[in-house]
Each structure stands twice: as structure tokens, then as C-alpha cells.
file entry15.pdb (PDB, C-alpha atoms and all ligand atoms)
ATOM      1  CA  MET A  35     -22.281  -1.843 -53.858  1.00  0.00           C
ATOM      2  CA  ALA A  36     -19.020  -0.823 -52.246  1.00  0.00           C
ATOM      3  CA  ASN A  37     -18.738   2.588 -53.945  1.00  0.00           C
ATOM      4  CA  SER A  38     -22.321   3.759 -54.303  1.00  0.00           C
ATOM      5  CA  PRO A  39     -23.649   6.123 -51.629  1.00  0.00           C
ATOM      6  CA  MET A  40     -25.354   4.495 -48.698  1.00  0.00           C
ATOM      7  CA  ARG A  41     -28.593   6.002 -47.375  1.00  0.00           C
ATOM      8  CA  VAL A  42     -28.383   6.119 -43.614  1.00  0.00           C
ATOM      9  CA  ALA A  43     -31.367   6.889 -41.387  1.00  0.00           C
ATOM     10  CA  ALA A  44     -30.666   7.947 -37.803  1.00  0.00           C
ATOM     11  CA  ILE A  45     -32.865   8.659 -34.812  1.00  0.00           C
ATOM     12  CA  GLY A  46     -32.021   9.238 -31.170  1.00  0.00           C
ATOM     13  CA  ASP A  47     -33.966   9.409 -27.923  1.00  0.00           C
ATOM     14  CA  LEU A  48     -36.724   6.906 -28.580  1.00  0.00           C
ATOM     15  CA  HIS A  49     -37.516   6.738 -24.837  1.00  0.00           C
ATOM     16  CA  VAL A  50     -39.768   3.675 -25.167  1.00  0.00           C
ATOM     17  CA  GLN A  51     -42.070   3.300 -22.154  1.00  0.00           C
ATOM     18  CA  GLU A  52     -43.518   0.105 -20.756  1.00  0.00           C
ATOM     19  CA  ASP A  53     -47.103   1.038 -21.636  1.00  0.00           C
ATOM     20  CA  SER A  54     -46.280   1.690 -25.322  1.00  0.00           C
ATOM     21  CA  VAL A  55     -47.779  -0.568 -27.966  1.00  0.00           C
ATOM     22  CA  ALA A  56     -45.531  -1.167 -31.001  1.00  0.00           C
ATOM     23  CA  PRO A  57     -44.371   2.487 -30.754  1.00  0.00           C
ATOM     24  CA  TYR A  58     -41.896   2.373 -33.648  1.00  0.00           C
ATOM     25  CA  ARG A  59     -43.340  -0.401 -35.825  1.00  0.00           C
ATOM     26  CA  GLU A  60     -44.798   1.869 -38.503  1.00  0.00           C
ATOM     27  CA  LEU A  61     -41.912   4.311 -38.433  1.00  0.00           C
ATOM     28  CA  PHE A  62     -39.329   1.541 -38.935  1.00  0.00           C
ATOM     29  CA  THR A  63     -41.345   0.280 -41.919  1.00  0.00           C
ATOM     30  CA  GLU A  64     -41.356   3.783 -43.409  1.00  0.00           C
ATOM     31  CA  ILE A  65     -37.622   4.166 -42.768  1.00  0.00           C
ATOM     32  CA  ALA A  66     -36.872   0.846 -44.469  1.00  0.00           C
ATOM     33  CA  ASN A  67     -38.438   2.291 -47.638  1.00  0.00           C
ATOM     34  CA  HIS A  68     -36.033   5.250 -47.655  1.00  0.00           C
ATOM     35  CA  ALA A  69     -32.772   3.988 -46.161  1.00  0.00           C
ATOM     36  CA  ASP A  70     -30.300   1.106 -46.343  1.00  0.00           C
ATOM     37  CA  VAL A  71     -29.349   1.166 -42.653  1.00  0.00           C
ATOM     38  CA  LEU A  72     -31.000   2.469 -39.474  1.00  0.00           C
ATOM     39  CA  LEU A  73     -28.930   3.954 -36.638  1.00  0.00           C
ATOM     40  CA  LEU A  74     -30.376   4.324 -33.114  1.00  0.00           C
ATOM     41  CA  CYS A  75     -28.539   6.956 -31.064  1.00  0.00           C
ATOM     42  CA  GLY A  76     -29.317   6.001 -27.487  1.00  0.00           C
ATOM     43  CA  ASP A  77     -31.997   6.601 -24.855  1.00  0.00           C
ATOM     44  CA  LEU A  78     -33.753   3.720 -26.528  1.00  0.00           C
ATOM     45  CA  THR A  79     -35.764   3.100 -23.355  1.00  0.00           C
ATOM     46  CA  ASN A  80     -37.082   5.595 -20.837  1.00  0.00           C
ATOM     47  CA  PHE A  81     -35.698   3.976 -17.669  1.00  0.00           C
ATOM     48  CA  GLY A  82     -33.569   1.068 -18.889  1.00  0.00           C
ATOM     49  CA  LYS A  83     -36.249  -1.454 -17.901  1.00  0.00           C
ATOM     50  CA  GLU A  84     -36.275  -4.911 -19.466  1.00  0.00           C
ATOM     51  CA  THR A  85     -39.979  -4.553 -20.275  1.00  0.00           C
ATOM     52  CA  GLU A  86     -39.270  -1.351 -22.211  1.00  0.00           C
ATOM     53  CA  ALA A  87     -36.438  -3.030 -24.115  1.00  0.00           C
ATOM     54  CA  GLN A  88     -38.697  -5.973 -24.993  1.00  0.00           C
ATOM     55  CA  ILE A  89     -41.250  -3.607 -26.534  1.00  0.00           C
ATOM     56  CA  LEU A  90     -38.611  -1.974 -28.715  1.00  0.00           C
ATOM     57  CA  ALA A  91     -37.118  -5.391 -29.526  1.00  0.00           C
ATOM     58  CA  GLU A  92     -40.387  -6.448 -31.170  1.00  0.00           C
ATOM     59  CA  ASP A  93     -40.293  -3.361 -33.420  1.00  0.00           C
ATOM     60  CA  ILE A  94     -36.639  -3.982 -34.279  1.00  0.00           C
ATOM     61  CA  LYS A  95     -37.502  -7.564 -35.272  1.00  0.00           C
ATOM     62  CA  SER A  96     -40.021  -6.198 -37.760  1.00  0.00           C
ATOM     63  CA  CYS A  97     -37.487  -3.821 -39.359  1.00  0.00           C
ATOM     64  CA  THR A  98     -36.269  -5.115 -42.706  1.00  0.00           C
ATOM     65  CA  ILE A  99     -32.959  -3.154 -42.898  1.00  0.00           C
ATOM     66  CA  PRO A 100     -29.934  -3.566 -40.579  1.00  0.00           C
ATOM     67  CA  VAL A 101     -30.324  -1.750 -37.241  1.00  0.00           C
ATOM     68  CA  LEU A 102     -27.207  -0.568 -35.408  1.00  0.00           C
ATOM     69  CA  GLY A 103     -26.829   1.764 -32.469  1.00  0.00           C
ATOM     70  CA  VAL A 104     -25.670   2.655 -29.000  1.00  0.00           C
ATOM     71  CA  LEU A 105     -27.290   2.896 -25.587  1.00  0.00           C
ATOM     72  CA  GLY A 106     -27.904   6.216 -23.842  1.00  0.00           C
ATOM     73  CA  ASN A 107     -27.853   7.347 -20.214  1.00  0.00           C
ATOM     74  CA  HIS A 108     -31.557   6.493 -19.784  1.00  0.00           C
ATOM     75  CA  ASP A 109     -30.791   2.889 -20.719  1.00  0.00           C
ATOM     76  CA  TYR A 110     -28.585   2.735 -17.587  1.00  0.00           C
ATOM     77  CA  GLU A 111     -31.148   4.108 -15.134  1.00  0.00           C
ATOM     78  CA  CYS A 112     -32.364   0.742 -13.748  1.00  0.00           C
ATOM     79  CA  GLY A 113     -28.837  -0.617 -13.452  1.00  0.00           C
ATOM     80  CA  CYS A 114     -29.190  -3.383 -16.042  1.00  0.00           C
ATOM     81  CA  PRO A 115     -27.779  -1.986 -19.313  1.00  0.00           C
ATOM     82  CA  GLU A 116     -26.300  -5.434 -20.132  1.00  0.00           C
ATOM     83  CA  LYS A 117     -29.796  -6.912 -20.030  1.00  0.00           C
ATOM     84  CA  VAL A 118     -31.196  -4.103 -22.229  1.00  0.00           C
ATOM     85  CA  CYS A 119     -28.308  -4.680 -24.594  1.00  0.00           C
ATOM     86  CA  SER A 120     -28.838  -8.435 -24.801  1.00  0.00           C
ATOM     87  CA  ILE A 121     -32.601  -8.088 -25.411  1.00  0.00           C
ATOM     88  CA  LEU A 122     -31.927  -5.705 -28.317  1.00  0.00           C
ATOM     89  CA  HIS A 123     -29.076  -7.858 -29.608  1.00  0.00           C
ATOM     90  CA  ASP A 124     -31.327 -10.935 -29.587  1.00  0.00           C
ATOM     91  CA  ALA A 125     -33.821  -8.950 -31.679  1.00  0.00           C
ATOM     92  CA  GLY A 126     -31.138  -8.428 -34.317  1.00  0.00           C
ATOM     93  CA  MET A 127     -29.776  -4.991 -33.408  1.00  0.00           C
ATOM     94  CA  ILE A 128     -26.011  -4.534 -33.590  1.00  0.00           C
ATOM     95  CA  VAL A 129     -25.213  -2.723 -30.353  1.00  0.00           C
ATOM     96  CA  LEU A 130     -21.972  -0.818 -30.897  1.00  0.00           C
ATOM     97  CA  ASP A 131     -19.635  -0.444 -27.925  1.00  0.00           C
ATOM     98  CA  GLU A 132     -16.434  -2.454 -28.220  1.00  0.00           C
ATOM     99  CA  GLN A 133     -16.428  -3.512 -31.859  1.00  0.00           C
ATOM    100  CA  ALA A 134     -16.948  -1.688 -35.122  1.00  0.00           C
ATOM    101  CA  HIS A 135     -19.164  -3.163 -37.824  1.00  0.00           C
ATOM    102  CA  GLU A 136     -19.062  -3.049 -41.599  1.00  0.00           C
ATOM    103  CA  ILE A 137     -21.974  -3.097 -44.039  1.00  0.00           C
ATOM    104  CA  ASP A 138     -21.449  -2.977 -47.817  1.00  0.00           C
ATOM    105  CA  GLY A 139     -18.128  -1.179 -47.582  1.00  0.00           C
ATOM    106  CA  VAL A 140     -19.220   1.369 -44.965  1.00  0.00           C
ATOM    107  CA  GLY A 141     -17.864   1.157 -41.419  1.00  0.00           C
ATOM    108  CA  PHE A 142     -19.867   1.912 -38.293  1.00  0.00           C
ATOM    109  CA  ALA A 143     -18.189   2.684 -34.982  1.00  0.00           C
ATOM    110  CA  GLY A 144     -20.034   3.746 -31.869  1.00  0.00           C
ATOM    111  CA  VAL A 145     -20.059   4.221 -28.125  1.00  0.00           C
ATOM    112  CA  LYS A 146     -22.482   5.863 -25.739  1.00  0.00           C
ATOM    113  CA  GLY A 147     -19.894   8.492 -24.863  1.00  0.00           C
ATOM    114  CA  PHE A 148     -20.020  10.489 -21.656  1.00  0.00           C
ATOM    115  CA  LEU A 149     -20.113  13.972 -20.163  1.00  0.00           C
ATOM    116  CA  GLY A 150     -17.095  16.207 -19.694  1.00  0.00           C
ATOM    117  CA  GLY A 151     -17.515  19.599 -21.308  1.00  0.00           C
ATOM    118  CA  PHE A 152     -15.871  21.693 -23.972  1.00  0.00           C
ATOM    119  CA  GLY A 153     -13.071  24.241 -24.219  1.00  0.00           C
ATOM    120  CA  ARG A 154     -12.659  26.189 -20.985  1.00  0.00           C
ATOM    121  CA  GLY A 155     -15.549  24.197 -19.547  1.00  0.00           C
ATOM    122  CA  GLU A 156     -13.795  20.846 -19.935  1.00  0.00           C
ATOM    123  CA  LEU A 157     -13.359  19.061 -16.606  1.00  0.00           C
ATOM    124  CA  ALA A 158      -9.697  18.285 -15.869  1.00  0.00           C
ATOM    125  CA  PRO A 159      -8.520  15.095 -14.112  1.00  0.00           C
ATOM    126  CA  PHE A 160      -7.242  16.969 -11.069  1.00  0.00           C
ATOM    127  CA  GLY A 161      -7.750  16.686  -7.318  1.00  0.00           C
ATOM    128  CA  GLU A 162     -10.226  14.290  -5.756  1.00  0.00           C
ATOM    129  CA  PRO A 163     -10.251  10.656  -6.943  1.00  0.00           C
ATOM    130  CA  ILE A 164     -13.916  10.942  -7.896  1.00  0.00           C
ATOM    131  CA  VAL A 165     -13.127  13.813 -10.286  1.00  0.00           C
ATOM    132  CA  LYS A 166     -10.346  11.759 -11.851  1.00  0.00           C
ATOM    133  CA  ALA A 167     -12.684   8.757 -12.148  1.00  0.00           C
ATOM    134  CA  PHE A 168     -15.257  10.957 -13.868  1.00  0.00           C
ATOM    135  CA  VAL A 169     -12.764  12.238 -16.444  1.00  0.00           C
ATOM    136  CA  ASP A 170     -11.433   8.712 -16.828  1.00  0.00           C
ATOM    137  CA  GLU A 171     -14.877   7.517 -17.854  1.00  0.00           C
ATOM    138  CA  THR A 172     -14.931  10.059 -20.700  1.00  0.00           C
ATOM    139  CA  MET A 173     -11.434   9.049 -21.782  1.00  0.00           C
ATOM    140  CA  LYS A 174     -12.405   5.378 -21.670  1.00  0.00           C
ATOM    141  CA  GLU A 175     -15.302   6.006 -24.051  1.00  0.00           C
ATOM    142  CA  ALA A 176     -13.046   8.036 -26.381  1.00  0.00           C
ATOM    143  CA  ARG A 177     -10.490   5.220 -26.306  1.00  0.00           C
ATOM    144  CA  LYS A 178     -13.063   2.553 -27.170  1.00  0.00           C
ATOM    145  CA  LEU A 179     -14.177   4.699 -30.103  1.00  0.00           C
ATOM    146  CA  GLU A 180     -10.604   5.203 -31.247  1.00  0.00           C
ATOM    147  CA  ASN A 181      -9.918   1.457 -31.154  1.00  0.00           C
ATOM    148  CA  GLN A 182     -12.983   0.781 -33.279  1.00  0.00           C
ATOM    149  CA  LEU A 183     -12.092   3.484 -35.785  1.00  0.00           C
ATOM    150  CA  ARG A 184      -8.567   2.128 -36.021  1.00  0.00           C
ATOM    151  CA  SER A 185      -9.866  -1.374 -36.741  1.00  0.00           C
ATOM    152  CA  LEU A 186     -11.888  -0.234 -39.769  1.00  0.00           C
ATOM    153  CA  ARG A 187     -10.448  -0.787 -43.238  1.00  0.00           C
ATOM    154  CA  THR A 188     -13.277   0.948 -45.089  1.00  0.00           C
ATOM    155  CA  GLU A 189     -12.938   4.233 -46.993  1.00  0.00           C
ATOM    156  CA  ARG A 190     -16.114   5.587 -45.417  1.00  0.00           C
ATOM    157  CA  SER A 191     -17.431   5.307 -41.902  1.00  0.00           C
ATOM    158  CA  VAL A 192     -20.109   6.772 -39.644  1.00  0.00           C
ATOM    159  CA  THR A 193     -19.627   7.376 -35.918  1.00  0.00           C
ATOM    160  CA  VAL A 194     -22.621   6.769 -33.652  1.00  0.00           C
ATOM    161  CA  LEU A 195     -22.808   8.377 -30.195  1.00  0.00           C
ATOM    162  CA  HIS A 196     -25.371   9.323 -27.591  1.00  0.00           C
ATOM    163  CA  TYR A 197     -23.483  12.266 -26.067  1.00  0.00           C
ATOM    164  CA  SER A 198     -22.314  15.088 -28.314  1.00  0.00           C
ATOM    165  CA  PRO A 199     -18.665  15.457 -29.337  1.00  0.00           C
ATOM    166  CA  VAL A 200     -19.106  19.143 -30.260  1.00  0.00           C
ATOM    167  CA  ILE A 201     -20.747  22.275 -28.942  1.00  0.00           C
ATOM    168  CA  GLY A 202     -22.336  23.249 -32.276  1.00  0.00           C
ATOM    169  CA  THR A 203     -25.219  20.775 -31.999  1.00  0.00           C
ATOM    170  CA  LEU A 204     -25.960  21.904 -28.436  1.00  0.00           C
ATOM    171  CA  GLU A 205     -26.942  25.446 -29.418  1.00  0.00           C
ATOM    172  CA  GLY A 206     -30.475  25.936 -28.131  1.00  0.00           C
ATOM    173  CA  GLU A 207     -29.758  24.224 -24.810  1.00  0.00           C
ATOM    174  CA  PRO A 208     -28.854  26.393 -21.801  1.00  0.00           C
ATOM    175  CA  ALA A 209     -25.075  27.028 -21.884  1.00  0.00           C
ATOM    176  CA  GLU A 210     -24.918  26.086 -18.173  1.00  0.00           C
ATOM    177  CA  ILE A 211     -25.596  22.433 -19.040  1.00  0.00           C
ATOM    178  CA  PHE A 212     -23.341  22.018 -22.103  1.00  0.00           C
ATOM    179  CA  GLN A 213     -20.832  20.073 -20.012  1.00  0.00           C
ATOM    180  CA  TYR A 214     -23.549  17.524 -19.169  1.00  0.00           C
ATOM    181  CA  LEU A 215     -24.495  17.018 -22.790  1.00  0.00           C
ATOM    182  CA  GLY A 216     -21.207  15.871 -24.202  1.00  0.00           C
ATOM    183  CA  ALA A 217     -17.448  15.979 -24.237  1.00  0.00           C
ATOM    184  CA  GLN A 218     -14.857  17.484 -26.520  1.00  0.00           C
ATOM    185  CA  ARG A 219     -12.637  14.467 -25.830  1.00  0.00           C
ATOM    186  CA  LEU A 220     -14.995  12.395 -28.005  1.00  0.00           C
ATOM    187  CA  ALA A 221     -14.159  14.513 -31.069  1.00  0.00           C
ATOM    188  CA  GLU A 222     -10.428  13.765 -30.931  1.00  0.00           C
ATOM    189  CA  PRO A 223     -10.584  10.175 -32.288  1.00  0.00           C
ATOM    190  CA  ILE A 224     -13.157  11.257 -34.896  1.00  0.00           C
ATOM    191  CA  ASP A 225     -10.808  13.881 -36.311  1.00  0.00           C
ATOM    192  CA  ARG A 226      -7.892  11.445 -36.311  1.00  0.00           C
ATOM    193  CA  PHE A 227      -9.367   9.153 -39.000  1.00  0.00           C
ATOM    194  CA  ASP A 228     -10.048  10.325 -42.566  1.00  0.00           C
ATOM    195  CA  HIS A 229     -12.611   7.592 -43.166  1.00  0.00           C
ATOM    196  CA  VAL A 230     -15.116   9.171 -40.746  1.00  0.00           C
ATOM    197  CA  LYS A 231     -17.567  10.982 -43.028  1.00  0.00           C
ATOM    198  CA  ALA A 232     -20.361  11.767 -40.564  1.00  0.00           C
ATOM    199  CA  VAL A 233     -21.199  11.646 -36.866  1.00  0.00           C
ATOM    200  CA  VAL A 234     -24.673  11.203 -35.385  1.00  0.00           C
ATOM    201  CA  HIS A 235     -25.659  11.638 -31.745  1.00  0.00           C
ATOM    202  CA  GLY A 236     -28.691  12.279 -29.564  1.00  0.00           C
ATOM    203  CA  HIS A 237     -29.209  13.343 -25.926  1.00  0.00           C
ATOM    204  CA  ALA A 238     -29.538  17.107 -26.507  1.00  0.00           C
ATOM    205  CA  HIS A 239     -33.332  17.239 -26.941  1.00  0.00           C
ATOM    206  CA  HIS A 240     -33.304  21.026 -27.375  1.00  0.00           C
ATOM    207  CA  GLY A 241     -30.083  21.376 -29.346  1.00  0.00           C
ATOM    208  CA  SER A 242     -29.435  22.067 -33.039  1.00  0.00           C
ATOM    209  CA  TYR A 243     -29.344  19.643 -35.944  1.00  0.00           C
ATOM    210  CA  GLU A 244     -25.959  20.395 -37.487  1.00  0.00           C
ATOM    211  CA  GLY A 245     -22.477  21.045 -36.185  1.00  0.00           C
ATOM    212  CA  ARG A 246     -18.845  20.401 -37.125  1.00  0.00           C
ATOM    213  CA  THR A 247     -15.835  18.836 -35.443  1.00  0.00           C
ATOM    214  CA  PRO A 248     -12.725  21.034 -35.082  1.00  0.00           C
ATOM    215  CA  LEU A 249     -11.487  19.597 -38.426  1.00  0.00           C
ATOM    216  CA  GLY A 250     -14.834  20.230 -40.114  1.00  0.00           C
ATOM    217  CA  LYS A 251     -16.511  16.814 -40.140  1.00  0.00           C
ATOM    218  CA  PRO A 252     -20.313  17.002 -40.117  1.00  0.00           C
ATOM    219  CA  VAL A 253     -22.030  16.160 -36.836  1.00  0.00           C
ATOM    220  CA  TYR A 254     -25.803  15.682 -36.666  1.00  0.00           C
ATOM    221  CA  ASN A 255     -27.903  15.803 -33.525  1.00  0.00           C
ATOM    222  CA  VAL A 256     -30.624  13.309 -34.432  1.00  0.00           C
ATOM    223  CA  ALA A 257     -32.575  13.449 -31.173  1.00  0.00           C
ATOM    224  CA  GLN A 258     -36.087  13.014 -32.544  1.00  0.00           C
ATOM    225  CA  PHE A 259     -37.245  16.198 -30.807  1.00  0.00           C
ATOM    226  CA  VAL A 260     -34.675  18.180 -32.808  1.00  0.00           C
ATOM    227  CA  VAL A 261     -35.266  16.450 -36.149  1.00  0.00           C
ATOM    228  CA  LYS A 262     -39.087  16.333 -36.204  1.00  0.00           C
ATOM    229  CA  PRO A 263     -39.737  20.097 -36.177  1.00  0.00           C
ATOM    230  CA  LEU A 264     -37.178  20.519 -38.978  1.00  0.00           C
ATOM    231  CA  PHE A 265     -38.168  17.774 -41.382  1.00  0.00           C
ATOM    232  CA  GLY A 266     -41.668  16.774 -40.306  1.00  0.00           C
ATOM    233  CA  ARG A 267     -40.384  13.257 -39.578  1.00  0.00           C
ATOM    234  CA  PRO A 268     -38.475  12.177 -36.478  1.00  0.00           C
ATOM    235  CA  TYR A 269     -35.461  10.638 -38.235  1.00  0.00           C
ATOM    236  CA  ALA A 270     -32.567  12.097 -40.190  1.00  0.00           C
ATOM    237  CA  LEU A 271     -31.545  10.832 -43.609  1.00  0.00           C
ATOM    238  CA  ILE A 272     -27.934  11.262 -44.661  1.00  0.00           C
ATOM    239  CA  GLU A 273     -25.874   9.847 -47.511  1.00  0.00           C
ATOM    240  CA  VAL A 274     -22.354   8.565 -47.031  1.00  0.00           C
TER     241      VAL A 274
HETATM  242 FE    FE B   1     -32.962  11.513 -24.303  1.00  0.00          FE
HETATM  243 FE    FE B   2     -29.722  11.078 -22.926  1.00  0.00          FE
END
call {"tool": "encode", "arguments": {"input": "entry15.pdb", "output": "C-alpha cells"}}
result
Amino acid sequence: MANSPMRVAAIGDLHVQEDSVAPYRELFTEIANHADVLLLCGDLTNFGKETEAQILAEDIKSCTIPVLGVLGNHDYECGCPEKVCSILHDAGMIVLDEQAHEIDGVGFAGVKGFLGGFGRGELAPFGEPIVKAFVDETMKEARKLENQLRSLRTERSVTVLHYSPVIGTLEGEPAEIFQYLGAQRLAEPIDRFDHVKAVVHGHAHHGSYEGRTPLGKPVYNVAQFVVKPLFGRPYALIEV
């Protein structure tokens, strides 16, 4: 139904290893009983190995609700993120990166995101080419997100990231590494579009569950290591 609330489950940092046996099969079944859509917020595999992706792919195939999500930095470690992506795509997961997706009147936009820092700690594109390239990578991710958000015609949408767009959900991590956990530049497109009702991300395993964008939109760190101690289950449930 286009106007009724959608129940969205979200979990980040699955870190599937190649010796795991159906690691998320039961959990995905449980989630399907409580939610309409499942969002996976990156670090789906531990090292970005094809074998790890194939193990998760089997669990995704068994999930009876739509699965959407983004990759994380760990999914790049072996240098074959395209392969990881295609294995998960073939299993039925909608991997968000270039194109937004719509389900029952709710839009979903997502990118992995990148590092870059916040406030005074934000890295500026100045000096050496490698510094400019680094900042450019963050801007490229923000731009891809903006293009997806602009393409949506829905009244409600959820943004899916791996890196954090705000500092609020990083509280609990050492302040010295905040700039490696996310980038303020990712929050700019989010705050530009009224239809964004919630943001979910992972990556900050020791961060906090809830934060806000500068304009007050709710941001949830759904890294399973953050969510489990709070709710006794490793996934978040939100309504949009
Ligand atoms: Fe992680
Ligand atoms: Fe990560």
C-alpha cells in the first residue's frame, strides 16, 4: 500500500567468512516475519572474496522479502568488488550504487560512501594530487547519492550507506578516527531532499545507534555490533 508505513529491517557489517555455514539463514527468516524489506549496510563479506559472497548469496536466496543494500570497504579488500556485487545481484539482492529503487511507494537510494571527516576535521582538496583524488572520491560518492535522490518521485525514501554521514552515530569510537569512519559531505544530498525520512549506515562497530543530520533527519548506525547489545537482536527495525 502506497501510504501505509513500511517496516524496514537494516543490518550492517555481516562480515561473512569463507568457513561460515549458512550464517544468516535463520536470521533472514526471522527478519522476514517482522519486516517488509531488508537493507544490508555493507561489509557483507570479511575480505571481499568470491567464496564469502557465495555463502551470503545462498542465504539471500532463501530470504522471502526484498533485499537491498550497499557494499562496504571490506568488500573491496580482494580487489574484486564487481564480482562480489554480481554474485549478490544474481542471488536477488538489489545492490544500490548508481540507481535508486522503489518498492511500494518508498524509494531507496544508496552508495558505499567514503571517508573524509567532519567539521574542522574535514579533509580539503588542497595540495598534492593524491589528497585531491581522495577528496574527489568522497565527492563522487555524494554526487552518485544526490543523482539517485533526485531521480526518486516517491514521498518517502530511505538512504543506505556504509560510511557515516554524521558524527552523532560515531560517539563511542575514538575521536582520532572519526575522519576514517565517514564524511560530512555525504549528509549534504540527504538534507537537500524532503523525501528522505531515514538514513542507515554501518562501519562504526563501536559507535552509537542514533544521530541526526544537520537538518535533523534521523540517522541510524545499524552495524550489528551496535544494534545487538541494545535490542538483543542484530538488526534494526524502523518504520517509514
Ligand atoms: Fe565492518
Ligand atoms: Fe567497514
call {"tool": "residues_near_ligand", "arguments": {"input": "entry15.pdb", "ligand": "ligand FE 1 (chain B)", "cutoff": "9 Å", "atoms": "all atoms listed in the file", "output": "JSON, numbers by chain"}}
result
{"A": [46, 47, 48, 49, 76, 77, 78, 79, 80, 106, 107, 108, 196, 236, 237, 238, 239, 257, 258]}
call {"tool": "closest_atom_pairs", "arguments": {"input": "entry15.pdb", "of": "stretch 64-181 of chain A", "to": "stretch 209-226 of chain A", "cutoff": "6 Å", "atoms": "all atoms listed in the file", "output": "tab-separated table"}}
result
residue	atom	partner	partner_atom	distance
A:Leu149	CA	A:Gly216	CA	4.6
A:Gly150	CA	A:Ala217	CA	4.6
A:Gly151	CA	A:Gln213	CA	3.6
A:Phe152	CA	A:Gln218	CA	5.0
A:Ala176	CA	A:Leu220	CA	5.0
A:Glu180	CA	A:Pro223	CA	5.1
call {"tool": "write_last_selection", "arguments": {"input": "entry15.pdb", "atoms": "C-alpha atoms", "output": "PDB file, in the coordinates of the input"}}
result
ATOM      1  CA  LEU A 149     -20.113  13.972 -20.163  1.00  0.00           C
ATOM      2  CA  GLY A 150     -17.095  16.207 -19.694  1.00  0.00           C
ATOM      3  CA  GLY A 151     -17.515  19.599 -21.308  1.00  0.00           C
ATOM      4  CA  PHE A 152     -15.871  21.693 -23.972  1.00  0.00           C
ATOM      5  CA  ALA A 176     -13.046   8.036 -26.381  1.00  0.00           C
ATOM      6  CA  GLU A 180     -10.604   5.203 -31.247  1.00  0.00           C
TER       7      GLU A 180
END
call {"tool": "resolve_selection", "arguments": {"input": "entry15.pdb", "expression": "the PyMOL selection byres (((chain A and resi 248-250) around 9) and not hetatm)", "output": "list of chain:residue names"}}
result
A:Val200, A:Ala221, A:Glu222, A:Asp225, A:Gly245, A:Arg246, A:Thr247, A:Lys251, A:Pro252, A:Val253
call {"tool": "residues_around", "arguments": {"input": "entry15.pdb", "residues": "A:Ser120", "least_positions_apart": "4", "cutoff": "12 Å", "atoms": "all atoms listed in the file", "output": "PDB file with C-alpha atoms, keeping the file's coordinate frame"}}
result
ATOM      1  CA  GLU A  84     -36.275  -4.911 -19.466  1.00  0.00           C
ATOM      2  CA  ALA A  87     -36.438  -3.030 -24.115  1.00  0.00           C
ATOM      3  CA  GLN A  88     -38.697  -5.973 -24.993  1.00  0.00           C
ATOM      4  CA  ALA A  91     -37.118  -5.391 -29.526  1.00  0.00           C
ATOM      5  CA  LEU A 105     -27.290   2.896 -25.587  1.00  0.00           C
ATOM      6  CA  CYS A 114     -29.190  -3.383 -16.042  1.00  0.00           C
ATOM      7  CA  PRO A 115     -27.779  -1.986 -19.313  1.00  0.00           C
ATOM      8  CA  GLU A 116     -26.300  -5.434 -20.132  1.00  0.00           C
ATOM      9  CA  ASP A 124     -31.327 -10.935 -29.587  1.00  0.00           C
ATOM     10  CA  ALA A 125     -33.821  -8.950 -31.679  1.00  0.00           C
ATOM     11  CA  GLY A 126     -31.138  -8.428 -34.317  1.00  0.00           C
ATOM     12  CA  MET A 127     -29.776  -4.991 -33.408  1.00  0.00           C
ATOM     13  CA  ILE A 128     -26.011  -4.534 -33.590  1.00  0.00           C
ATOM     14  CA  VAL A 129     -25.213  -2.723 -30.353  1.00  0.00           C
ATOM     15  CA  LEU A 130     -21.972  -0.818 -30.897  1.00  0.00           C
TER      16      LEU A 130
END
call {"tool": "residues_around", "arguments": {"input": "entry15.pdb", "residues": "A:Asn181", "least_positions_apart": "5", "cutoff": "12 Å", "atoms": "only C-alpha atoms", "output": "ChimeraX atom specification"}}
result
/A:131-134,143-145,174-176,186,223-224,226-227
call {"tool": "axis_aligned_box", "arguments": {"input": "entry15.pdb", "around": "stretch 78-83 of chain A", "padding_each_side": "3 Å", "output": "lines of an AutoDock Vina configuration file"}}
result
center_x = -35.3
center_y = 2.1
center_z = -22.1
size_x = 9.5
size_y = 13.0
size_z = 14.9
call {"tool": "atom_distance", "arguments": {"input": "entry15.pdb", "atom1": "atom CA of A:Val192", "atom2": "atom CA of A:Ala232"}}
result
5.1 Å
call {"tool": "atom_distance", "arguments": {"input": "entry15.pdb", "atom1": "atom CA of A:Arg267", "atom2": "atom CA of A:Glu60"}}
result
12.3 Å
call {"tool": "atom_distance", "arguments": {"input": "entry15.pdb", "atom1": "atom CA of A:Ile121", "atom2": "atom CA of A:Asp70"}}
result
23.0 Å
call {"tool": "resolve_selection", "arguments": {"input": "entry15.pdb", "expression": "the PyMOL selection byres (((chain A and resi 97) around 7) and not hetatm)", "output": "PyMOL selection string"}}
result
chain A and resi 62-63+66+93-96+98-99
call {"tool": "resolve_selection", "arguments": {"input": "entry15.pdb", "expression": "the PyMOL selection byres (((chain A and resi 207) around 6) and not hetatm)", "output": "ChimeraX atom specification"}}
result
/A:204-206,208,240-241
call {"tool": "closest_residue", "arguments": {"input": "entry15.pdb", "among": "A:Val234, A:Val169, A:Leu61, A:Leu195", "to": "ligand FE 2 (chain B)", "atoms": "all atoms listed in the file"}}
result
A:Leu195
